[in-house]
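Enquirer: Before anything else, here's the structure in question.
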Amino acid sequence: MSILLEARNLQYAYETKNNKQVLRNINAQMEQGRMYAILGPSGCGKTTLLSLLGGLDSPAGGQVLYQGIDIEKTGLAKHRQRNVAFIFQNYNLIDYLTPIENVALTSKRPALPVLEKLGLTAEEASRNVMKLSGGQQQRVAIARALASDAKVILADEPTGNLDEDTASEITAILKEAAHSLGKCVIVVTHSNDLAGQADIIMRLRKGNLQILDSFKINGEIEK
Amino acid sequence: MNLWKRALLYTMRKKGKTVILFLVLFVMSTFVLTGLAIRSAADRSAGELRKSVGGSIKLIRDEEKTQNWTYEQGIGGTMVGYTGTPITDNEIEKIMQVKGIKSYNGIGYGSVYARDFSFISGIQFSAGSDYSSLPSVTHSEAFNYFRRKAFRLIKGRHITPEDDHVVLISTALADKNGLKLDDSITVRCANDAGEYPDVSLKIIGIYKSTIEEGKFNTTSTDKRNRLIIDHRAMKEIMQTDTIQYDNGIEFFVDDPKEIERITAEIQKLDLDWNCFKLTVDNSAYEAVASSLTAMQSMVTGLIIGIGVVSAGVLVLIVHMWIRQRVRETGILLSLGVGKFRIILQHIAETMFIALAAFGLSYFSSSLIAQGSSDLLFAQAAESQPDIEFEIPDDGREYMDLTGEFIPYDTSAMVSPDNIEVQVTRNHLLLVYMMGMCIVVFSVTLASRSVVKMKPGNILSQMS
């Protein structure tokens, strides 16, 4: 499988008095068709790493490469527009649009089939997005990510606000996106259940990224 | 989904904000449109007034310079005579070339004895003092007594440049002597030195003097004895070869607003400025136009004030709303929408609302413009101090023996007490242009703080 996204000696420090360094020489390669989970305690820099991979922020040192090209050279806005799609814990949908219109933000293709595939009815897809349940909103956010042409999906705690059953459904959708649609799905999570479904599990600790289990698919997580 | 569609959907779905912004823009544009319409009407009215009232520049002999006079000792005392360059047609020809001058009126001066009629006698009457002033004019209608309505022609016609040996007399003089139109009177120059012939003048007009005569007039200062004649008659009376405009030449300008420029241009002409000087009279315009000028200033101030306040209020409202849309901005940035396109969306939303608000304000301002104008005009007129007329430079002609000045009679002047106001498409176009500039400025300024943030920071704030 080809490498889509690569972090090379990635460094980042918060702009505080002490310039606290959260990421130290992170190196990782993410391939197409795989689901990655990044675990780690709160405040360890998981979301920051996701932001750097997605081009929402620039690193203090090192590079993020997409298909071998530095995303700073491509342009961060272009990288976000073409290569990556985000899914957030709090869904981040545009509140004055319907689900169909939210999906249409990233794709010119008809949005309804994608939404229906994710379990929304035509009526629900035409309602104001704020009138949907949390699970339905997260499905819309996933639909928006899937409908785009982006090959990388970056999900930050996608099941954090959802009940157990819905979380399982969302996890299954993300896994399917990687395995069936050939997307590279990178999930930042605290959930062991979600991480357990990933192909590769990584842990971020004291600014370093370690691969916990890179070969075991659907296996137990080594603690 | 492109930004225009997003902007349209936002405008349609956020009804509360749309209505508030619509009302704010509608009220502002109504005021500005009303102000512009009133300002245009005031400008138009002032222009018409300027043209109807007019203004004049007078070329006169500089009699204050002693080098222009000679003093000869005679038997009866010192003989004084003006020996400076006389004002003649040569000066008229040069000055009429200056742009902005529409006509002129040359005024000669002499005094005559009545030969076959009698003047109205004043005090200290004696056979030697039974004479009266005799101005000769190019156009009697433009003679300042007629222009200021001190004299009113009630029979016959005015003197024009083509006339030859004609005269205008007062009703009082006509009544005293039983004279009527087409009768002739005979006069002779009242100068002490020299031989002068009797000259016959045909009466072509009879005027009524509206000046209340004082009790202490001499025959020559009594305005009812004025014989107003043409220049050809004056030449014969005074026995001169050329017309000398001893009382100066008055040049009338198209627009009193231009009077300073025209005066400056005349002063650059090759004339004998050691012997001549210019006096300017636009006091009539100043007198009747003061309320209009005050209103013009007031409306201009209002328009600028409303424009500045509008921009300020708009910046505040939009800034407040855009800060509430940080989340949306973050989402759009995470989707790869550029900052410029996000600002453009905000501008487009405000413009959609502004387009409707400005359009509708055309009708609302049309409804209130006339009423507002009347109100403003009344206030401007009320706040004006009583007009004080300046004594014209030829003021001595306007004073009786007691030194009392005979003021302008402005009763017949058209002093506007209201103006017709109309909101036009040009005003609307101007409001659209001004409004759109204000919208772009306000929204860009308000968006700056949010769009300056890094997408990562926005999203971390959101979470």
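We name chains A, B, ... following the order of the structure tokens; residues begin at 1 in each chain, and ligands are numbered from 1 as shown.
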Compile the contact shell of range 82-94 of chain A as a PyMOL selection string: residues with an atom at most 8 Å away, counting only C-alpha atoms, same-chain residues fewer than 3 positions apart removed.
Expert: (chain A and resi 54+66+78-79+97+102+129+137-138+141-142+145-146+148-161) or (chain B and resi 327-328+331+334-336+463)
Enquirer: Could the residues in this selection be saved with N, CA and C atoms as a compact mmCIF listing (two decimals), in the first residue's frame?
Expert:
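File again-v1.txt, as written:
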# COMPACT_ATOMS: atom_id res chain seq x y z
N GLY A 54 -3.25 17.81 9.25
CA GLY A 54 -4.34 18.33 8.41
C GLY A 54 -4.08 19.73 7.87
N TYR A 66 2.61 15.06 1.98
CA TYR A 66 1.46 14.35 1.41
C TYR A 66 1.91 13.83 0.05
N LYS A 78 -4.92 24.69 0.49
CA LYS A 78 -5.14 23.73 -0.61
C LYS A 78 -5.08 22.30 -0.08
N HIS A 79 -4.16 22.06 0.85
CA HIS A 79 -4.03 20.73 1.45
C HIS A 79 -5.34 20.35 2.13
N LEU A 97 -27.44 25.35 7.67
CA LEU A 97 -27.60 24.52 6.47
C LEU A 97 -28.24 23.18 6.83
N ASN A 102 -24.70 20.74 4.00
CA ASN A 102 -23.40 20.58 4.68
C ASN A 102 -22.48 19.66 3.89
N VAL A 129 -29.80 21.09 10.23
CA VAL A 129 -28.87 20.13 10.82
C VAL A 129 -28.91 20.15 12.35
N GLN A 137 -25.95 13.89 13.63
CA GLN A 137 -25.06 14.98 13.23
C GLN A 137 -23.66 14.44 12.91
N GLN A 138 -23.22 13.48 13.72
CA GLN A 138 -21.89 12.93 13.45
C GLN A 138 -21.90 12.15 12.13
N ALA A 141 -21.42 14.67 9.54
CA ALA A 141 -20.00 15.09 9.48
C ALA A 141 -19.17 14.04 8.74
N ILE A 142 -19.47 12.76 9.00
CA ILE A 142 -18.73 11.69 8.32
C ILE A 142 -19.09 11.68 6.83
N ALA A 145 -17.16 14.19 5.10
CA ALA A 145 -15.77 13.77 4.89
C ALA A 145 -15.68 12.73 3.78
N LEU A 146 -16.63 11.81 3.78
CA LEU A 146 -16.57 10.73 2.78
C LEU A 146 -16.89 11.24 1.37
N SER A 148 -16.21 14.01 0.12
CA SER A 148 -15.13 14.80 -0.49
C SER A 148 -14.14 13.86 -1.19
N ASP A 149 -13.31 14.44 -2.02
CA ASP A 149 -12.32 13.62 -2.73
C ASP A 149 -11.08 13.37 -1.89
N ALA A 150 -11.10 13.87 -0.64
CA ALA A 150 -9.91 13.72 0.20
C ALA A 150 -9.62 12.25 0.46
N LYS A 151 -8.32 11.90 0.41
CA LYS A 151 -7.95 10.50 0.64
C LYS A 151 -7.63 10.25 2.12
N VAL A 152 -7.46 11.33 2.87
CA VAL A 152 -7.14 11.19 4.30
C VAL A 152 -8.30 11.74 5.12
N ILE A 153 -8.76 10.96 6.07
CA ILE A 153 -9.79 11.45 6.99
C ILE A 153 -9.15 11.56 8.37
N LEU A 154 -9.23 12.76 8.93
CA LEU A 154 -8.66 13.01 10.25
C LEU A 154 -9.82 13.20 11.23
N ALA A 155 -9.92 12.29 12.17
CA ALA A 155 -11.08 12.33 13.08
C ALA A 155 -10.58 12.56 14.51
N ASP A 156 -11.10 13.62 15.12
CA ASP A 156 -10.69 13.96 16.48
C ASP A 156 -11.82 13.57 17.44
N GLU A 157 -11.63 12.54 18.20
CA GLU A 157 -12.63 12.02 19.14
C GLU A 157 -14.01 11.91 18.49
N PRO A 158 -14.14 11.19 17.40
CA PRO A 158 -15.42 11.18 16.67
C PRO A 158 -16.57 10.55 17.45
N THR A 159 -16.24 9.74 18.45
CA THR A 159 -17.33 9.10 19.19
C THR A 159 -17.44 9.65 20.61
N GLY A 160 -16.68 10.70 20.88
CA GLY A 160 -16.59 11.25 22.24
C GLY A 160 -17.92 11.66 22.82
N ASN A 161 -18.84 12.15 21.99
CA ASN A 161 -20.12 12.66 22.50
C ASN A 161 -21.27 11.68 22.26
N ARG B 327 -16.99 29.92 15.00
CA ARG B 327 -17.12 28.48 14.79
C ARG B 327 -17.28 28.18 13.30
N GLU B 328 -18.19 28.91 12.67
CA GLU B 328 -18.44 28.70 11.23
C GLU B 328 -17.16 28.98 10.44
N ILE B 331 -14.86 26.09 10.78
CA ILE B 331 -15.31 24.94 9.98
C ILE B 331 -14.95 25.16 8.51
N SER B 334 -11.35 24.73 7.96
CA SER B 334 -10.94 23.32 8.01
C SER B 334 -11.34 22.59 6.73
N LEU B 335 -12.35 23.15 6.05
CA LEU B 335 -12.76 22.53 4.78
C LEU B 335 -11.94 23.08 3.61
N GLY B 336 -11.01 23.95 3.94
CA GLY B 336 -10.13 24.47 2.89
C GLY B 336 -10.66 25.71 2.19
N SER B 463 -13.32 23.98 20.49
CA SER B 463 -13.46 22.77 21.29
C SER B 463 -13.25 23.11 22.78
Enquirer: Find the residues in chain A near chain B: any atom within 6 Å counts, using only C-alpha atoms. Write them as a list in words.
Expert: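 So the residues of chain A near chain B are Leu56, Asp57, Ala77, Arg80, Gln81, Ala104 and Leu105 of chain A.
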Enquirer: With distances taken over only C-alpha atoms, which of B:Ser132, B:Asn426, B:Val313, B:Lys102 is nearest to Met28 in chain B?
Expert: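 Going through B:Ser132, B:Asn426, B:Val313, B:Lys102 one by one, the smallest distance to Met28 in chain B is for B:Val313.
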Enquirer: Just asking: which residues within range 52-93 of chain A are strand (DSSP E) according to DSSP, as a list in words?
Expert: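 Those residues are Gly61, Gly62, Gln63, Val64, Leu65, Tyr66, Ile69, Asp70, Val84, Ala85, Phe86 and Ile87 of chain A.
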Enquirer: Provide the CA of Glu31 in chain A to CA of Leu4 in chain A distance in Å, to one decimal place.
Expert: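 If I compute the distance from CA of Glu31 in chain A to CA of Leu4 in chain A, I get 5.2 Å.
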Enquirer: Fewer than 5 positions away in the same chain doesn't count, so skip those; otherwise give me all residues within 10 Å of Val423 in chain B, counting only C-alpha atoms, as JSON, numbers by chain.
Expert: {"B": [33, 34, 35, 36, 37, 38, 40, 41, 362, 363, 364, 365, 366, 367, 369, 370, 428]}
Enquirer: Could you tell me how far CA of Leu59 in chain B sits from CA of Ser290 in chain B, in Å to one decimal place?
Expert: 26.6 Å
Enquirer: Which residues come within 9 Å of range 265-281 of chain B, counting only C-alpha atoms, excluding same-chain residues fewer than 6 positions away, as a list in words?
Expert: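 Everything that qualifies: Gly55, Ser56, Ile57, Lys58, Leu59, Ile60, Arg61, Asp62, Glu63, Lys65, Gln67, Asn68, Gly84, Thr85, Pro86, Ile87, Glu91, Lys94, Ile95, Val98, Lys99, Pro256, Ile259, Pro392 and Asp393 of chain B.
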Enquirer: Those same residues, written as an mmCIF file, in the first residue's frame with N, CA and C atoms?
Expert:
data_model
loop_
_atom_site.group_PDB
_atom_site.id
_atom_site.type_symbol
_atom_site.label_atom_id
_atom_site.label_comp_id
_atom_site.auth_asym_id
_atom_site.auth_seq_id
_atom_site.Cartn_x
_atom_site.Cartn_y
_atom_site.Cartn_z
ATOM 1 N N GLY B 55 -25.219 89.679 -9.512
ATOM 2 C CA GLY B 55 -24.214 90.403 -8.759
ATOM 3 C C GLY B 55 -23.477 91.278 -9.752
ATOM 4 N N SER B 56 -22.768 92.231 -9.266
ATOM 5 C CA SER B 56 -22.117 93.130 -10.212
ATOM 6 C C SER B 56 -20.757 93.595 -9.706
ATOM 7 N N ILE B 57 -19.943 93.955 -10.684
ATOM 8 C CA ILE B 57 -18.622 94.528 -10.379
ATOM 9 C C ILE B 57 -18.613 95.899 -11.042
ATOM 10 N N LYS B 58 -18.248 96.894 -10.300
ATOM 11 C CA LYS B 58 -18.310 98.238 -10.868
ATOM 12 C C LYS B 58 -16.904 98.810 -11.034
ATOM 13 N N LEU B 59 -16.653 99.296 -12.231
ATOM 14 C CA LEU B 59 -15.387 99.994 -12.497
ATOM 15 C C LEU B 59 -15.657 101.478 -12.282
ATOM 16 N N ILE B 60 -14.950 102.070 -11.323
ATOM 17 C CA ILE B 60 -15.185 103.494 -11.044
ATOM 18 C C ILE B 60 -13.865 104.262 -11.060
ATOM 19 N N ARG B 61 -13.978 105.566 -11.131
ATOM 20 C CA ARG B 61 -12.785 106.401 -11.057
ATOM 21 C C ARG B 61 -12.253 106.356 -9.630
ATOM 22 N N ASP B 62 -10.910 106.282 -9.520
ATOM 23 C CA ASP B 62 -10.323 106.288 -8.184
ATOM 24 C C ASP B 62 -10.153 107.744 -7.770
ATOM 25 N N GLU B 63 -11.164 108.267 -7.097
ATOM 26 C CA GLU B 63 -11.162 109.692 -6.757
ATOM 27 C C GLU B 63 -10.442 109.974 -5.445
ATOM 28 N N LYS B 65 -7.271 109.217 -4.957
ATOM 29 C CA LYS B 65 -5.863 109.552 -5.222
ATOM 30 C C LYS B 65 -5.760 111.008 -5.672
ATOM 31 N N GLN B 67 -3.388 112.556 -7.084
ATOM 32 C CA GLN B 67 -2.749 112.812 -8.384
ATOM 33 C C GLN B 67 -3.754 112.849 -9.532
ATOM 34 N N ASN B 68 -4.984 112.357 -9.256
ATOM 35 C CA ASN B 68 -6.001 112.377 -10.318
ATOM 36 C C ASN B 68 -6.810 113.674 -10.330
ATOM 37 N N GLY B 84 -7.726 112.530 -14.163
ATOM 38 C CA GLY B 84 -7.268 111.154 -14.399
ATOM 39 C C GLY B 84 -7.855 110.619 -15.696
ATOM 40 N N THR B 85 -7.439 109.405 -16.060
ATOM 41 C CA THR B 85 -7.956 108.776 -17.279
ATOM 42 C C THR B 85 -9.464 108.580 -17.141
ATOM 43 N N PRO B 86 -10.236 109.038 -18.124
ATOM 44 C CA PRO B 86 -11.681 108.824 -18.025
ATOM 45 C C PRO B 86 -12.063 107.374 -18.343
ATOM 46 N N ILE B 87 -13.219 106.990 -17.838
ATOM 47 C CA ILE B 87 -13.720 105.640 -18.167
ATOM 48 C C ILE B 87 -14.529 105.763 -19.451
ATOM 49 N N GLU B 91 -12.592 100.693 -22.049
ATOM 50 C CA GLU B 91 -12.561 99.824 -20.866
ATOM 51 C C GLU B 91 -13.661 98.764 -20.956
ATOM 52 N N LYS B 94 -12.643 95.846 -23.237
ATOM 53 C CA LYS B 94 -11.684 94.903 -22.631
ATOM 54 C C LYS B 94 -12.347 94.027 -21.565
ATOM 55 N N ILE B 95 -13.128 94.665 -20.729
ATOM 56 C CA ILE B 95 -13.697 93.909 -19.595
ATOM 57 C C ILE B 95 -14.754 92.909 -20.062
ATOM 58 N N VAL B 98 -13.950 89.180 -20.498
ATOM 59 C CA VAL B 98 -13.760 88.241 -19.368
ATOM 60 C C VAL B 98 -14.953 87.300 -19.287
ATOM 61 N N LYS B 99 -14.652 86.032 -19.138
ATOM 62 C CA LYS B 99 -15.693 85.001 -19.099
ATOM 63 C C LYS B 99 -16.546 85.151 -17.842
ATOM 64 N N PRO B 256 -23.094 85.085 -9.201
ATOM 65 C CA PRO B 256 -22.362 85.828 -8.175
ATOM 66 C C PRO B 256 -21.301 84.992 -7.462
ATOM 67 N N ILE B 259 -17.915 85.736 -8.656
ATOM 68 C CA ILE B 259 -17.568 87.151 -8.677
ATOM 69 C C ILE B 259 -16.106 87.410 -8.296
ATOM 70 N N PRO B 392 -23.838 100.320 -0.266
ATOM 71 C CA PRO B 392 -23.080 100.130 -1.492
ATOM 72 C C PRO B 392 -22.003 101.204 -1.633
ATOM 73 N N ASP B 393 -21.053 100.913 -2.504
ATOM 74 C CA ASP B 393 -19.942 101.847 -2.649
ATOM 75 C C ASP B 393 -20.394 103.198 -3.186
#
Enquirer: Would you tabulate, counting only C-alpha atoms, all residues of range 55-108 of chain B that have an atom at most 10 Å from an atom of range 231-240 of chain B, showing the closest pair of atoms and their distance in Å to one decimal, sorted by chain then ascending number, as JSON lines?
Expert:
{"residue": "B:Gly106", "atom": "CA", "partner": "B:His231", "partner_atom": "CA", "distance": 8.7}
{"residue": "B:Ile107", "atom": "CA", "partner": "B:His231", "partner_atom": "CA", "distance": 8.3}
{"residue": "B:Gly108", "atom": "CA", "partner": "B:His231", "partner_atom": "CA", "distance": 7.2}
Enquirer: Would you save the residues of that selection, restricted to C-alpha atoms, as an mmCIF file, in the first residue's frame?
Expert:
data_model
loop_
_atom_site.group_PDB
_atom_site.id
_atom_site.type_symbol
_atom_site.label_atom_id
_atom_site.label_comp_id
_atom_site.auth_asym_id
_atom_site.auth_seq_id
_atom_site.Cartn_x
_atom_site.Cartn_y
_atom_site.Cartn_z
ATOM 1 C CA GLY B 106 -22.314 102.512 -18.127
ATOM 2 C CA ILE B 107 -23.387 105.484 -16.024
ATOM 3 C CA GLY B 108 -22.513 109.027 -16.998
#
Enquirer: Quick check, in Å to one decimal: how far apart do CA of Asp198 in chain B and CA of Arg115 in chain B lie?
Expert: 7.6 Å
Enquirer: Just the residues within 12 Å of Val137 in chain B, please, counting only C-alpha atoms, with nothing from its chain fewer than 6 positions along; format it as a VMD selection string.
Expert: chain B and resid 104 to 110 143 to 146 158 to 168 227 to 235 243 to 250
Enquirer: Write the residues of the selection above to a file with N, CA and C atoms, as a compact mmCIF listing (two decimals), in the first residue's frame.
Expert:
# COMPACT_ATOMS: atom_id res chain seq x y z
N TYR B 104 -23.47 94.93 -19.22
CA TYR B 104 -22.91 96.05 -18.46
C TYR B 104 -23.87 97.22 -18.53
N ASN B 105 -23.62 98.14 -17.66
CA ASN B 105 -24.38 99.38 -17.71
C ASN B 105 -23.44 100.52 -17.36
N GLY B 106 -23.17 101.36 -18.37
CA GLY B 106 -22.31 102.51 -18.13
C GLY B 106 -23.16 103.66 -17.58
N ILE B 107 -22.61 104.39 -16.62
CA ILE B 107 -23.39 105.48 -16.02
C ILE B 107 -22.58 106.78 -16.11
N GLY B 108 -23.13 107.71 -16.90
CA GLY B 108 -22.51 109.03 -17.00
C GLY B 108 -23.13 109.95 -15.97
N TYR B 109 -22.54 111.12 -15.80
CA TYR B 109 -23.08 112.01 -14.80
C TYR B 109 -23.03 113.46 -15.28
N GLY B 110 -24.10 114.13 -15.02
CA GLY B 110 -24.14 115.56 -15.32
C GLY B 110 -25.23 116.21 -14.49
N PHE B 143 -30.01 100.02 -14.23
CA PHE B 143 -29.59 101.12 -13.37
C PHE B 143 -29.96 100.75 -11.93
N ASN B 144 -29.02 100.99 -11.01
CA ASN B 144 -29.20 100.41 -9.68
C ASN B 144 -30.49 100.86 -8.98
N TYR B 145 -31.00 102.04 -9.27
CA TYR B 145 -32.26 102.45 -8.65
C TYR B 145 -33.40 101.53 -9.07
N PHE B 146 -33.38 101.16 -10.34
CA PHE B 146 -34.43 100.26 -10.81
C PHE B 146 -34.19 98.84 -10.31
N HIS B 158 -38.06 101.11 -20.96
CA HIS B 158 -36.74 101.45 -20.46
C HIS B 158 -35.83 101.96 -21.59
N ILE B 159 -34.75 102.60 -21.19
CA ILE B 159 -33.75 103.08 -22.15
C ILE B 159 -32.85 101.91 -22.54
N THR B 160 -32.57 101.80 -23.84
CA THR B 160 -31.67 100.75 -24.34
C THR B 160 -30.51 101.45 -25.07
N PRO B 161 -29.45 100.67 -25.41
CA PRO B 161 -28.28 101.31 -26.05
C PRO B 161 -28.60 102.00 -27.37
N GLU B 162 -29.69 101.63 -28.03
CA GLU B 162 -30.01 102.21 -29.34
C GLU B 162 -30.68 103.58 -29.22
N ASP B 163 -31.11 103.94 -28.03
CA ASP B 163 -31.89 105.18 -27.88
C ASP B 163 -31.04 106.43 -28.09
N ASP B 164 -31.73 107.48 -28.54
CA ASP B 164 -31.04 108.73 -28.85
C ASP B 164 -31.92 109.90 -28.38
N HIS B 165 -31.43 110.64 -27.40
CA HIS B 165 -32.14 111.80 -26.85
C HIS B 165 -33.51 111.44 -26.27
N VAL B 166 -33.47 110.53 -25.33
CA VAL B 166 -34.71 110.14 -24.63
C VAL B 166 -34.50 110.34 -23.14
N VAL B 167 -35.61 110.32 -22.39
CA VAL B 167 -35.52 110.56 -20.94
C VAL B 167 -36.62 109.80 -20.20
N LEU B 168 -36.27 109.38 -18.97
CA LEU B 168 -37.28 108.83 -18.06
C LEU B 168 -37.46 109.86 -16.97
N LEU B 227 -33.52 112.93 -13.86
CA LEU B 227 -33.83 112.72 -15.27
C LEU B 227 -32.85 111.66 -15.75
N ILE B 228 -33.36 110.55 -16.17
CA ILE B 228 -32.47 109.47 -16.60
C ILE B 228 -32.45 109.46 -18.12
N ILE B 229 -31.25 109.63 -18.68
CA ILE B 229 -31.18 109.83 -20.14
C ILE B 229 -30.21 108.82 -20.77
N ASP B 230 -30.15 108.85 -22.11
CA ASP B 230 -29.21 107.98 -22.83
C ASP B 230 -27.88 108.71 -23.01
N HIS B 231 -26.85 107.93 -23.41
CA HIS B 231 -25.50 108.51 -23.49
C HIS B 231 -25.36 109.53 -24.65
N ARG B 232 -26.10 109.33 -25.73
CA ARG B 232 -25.97 110.26 -26.87
C ARG B 232 -26.46 111.66 -26.45
N ALA B 233 -27.56 111.65 -25.70
CA ALA B 233 -28.07 112.93 -25.21
C ALA B 233 -27.05 113.59 -24.28
N MET B 234 -26.40 112.75 -23.45
CA MET B 234 -25.41 113.28 -22.50
C MET B 234 -24.24 113.93 -23.25
N LYS B 235 -23.83 113.28 -24.37
CA LYS B 235 -22.71 113.83 -25.15
C LYS B 235 -23.04 115.25 -25.62
N ILE B 243 -18.27 109.35 -24.85
CA ILE B 243 -19.06 109.18 -23.62
C ILE B 243 -18.09 108.91 -22.49
N GLN B 244 -18.22 109.66 -21.44
CA GLN B 244 -17.38 109.41 -20.26
C GLN B 244 -18.29 108.93 -19.14
N TYR B 245 -17.96 107.74 -18.67
CA TYR B 245 -18.82 107.12 -17.67
C TYR B 245 -18.35 107.57 -16.29
N ASP B 246 -18.66 108.82 -15.95
CA ASP B 246 -18.15 109.40 -14.71
C ASP B 246 -18.66 108.68 -13.47
N ASN B 247 -19.83 108.08 -13.58
CA ASN B 247 -20.37 107.33 -12.43
C ASN B 247 -20.02 105.85 -12.51
N GLY B 248 -19.09 105.53 -13.40
CA GLY B 248 -18.61 104.15 -13.49
C GLY B 248 -19.40 103.28 -14.44
N ILE B 249 -18.91 102.07 -14.59
CA ILE B 249 -19.61 101.08 -15.41
C ILE B 249 -19.85 99.86 -14.55
N GLU B 250 -21.09 99.42 -14.56
CA GLU B 250 -21.41 98.25 -13.75
C GLU B 250 -21.46 97.04 -14.67
Enquirer: Taking into account only C-alpha atoms, which residue in the set A:Leu49, A:Leu212, A:Met35, A:Val22 is nearest to Ala177 in chain A?
Expert: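 Among A:Leu49, A:Leu212, A:Met35, A:Val22, it is A:Met35 that comes nearest to Ala177 in chain A.
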Enquirer: Give me the residues within 12 Å of Phe441 in chain B as a PyMOL selection string, counting only C-alpha atoms and dropping any in the same chain fewer than 2 places off.
Expert: chain B and resi 308+310-312+314-315+318-319+343-344+346-347+350-351+434-439+443-448
Enquirer: Hey, what does DSSP flag as alpha helix (DSSP H) within range 66-110 of chain A? Can you give it to me as a ChimeraX atom specification?
Expert: /A:71-74,76-82,99-104
Enquirer: When you look at Asp130 in chain B with a cut-off of 12 Å (counting only C-alpha atoms), what residues show up, excluding the ones that are within fewer than 2 positions of it in the same chain? I need them as a VMD selection string.
Expert: chain B and resid 111 to 115 117 to 128 132 to 133 187 to 190 218 to 222 225
Enquirer: In terms of the shortest atom-to-atom distance over only C-alpha atoms, which of A:Cys44, A:Arg34, A:Gln210, A:Ser51 is closest to Leu174 in chain A?
Expert: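 Smallest distance to Leu174 in chain A is found for A:Arg34.
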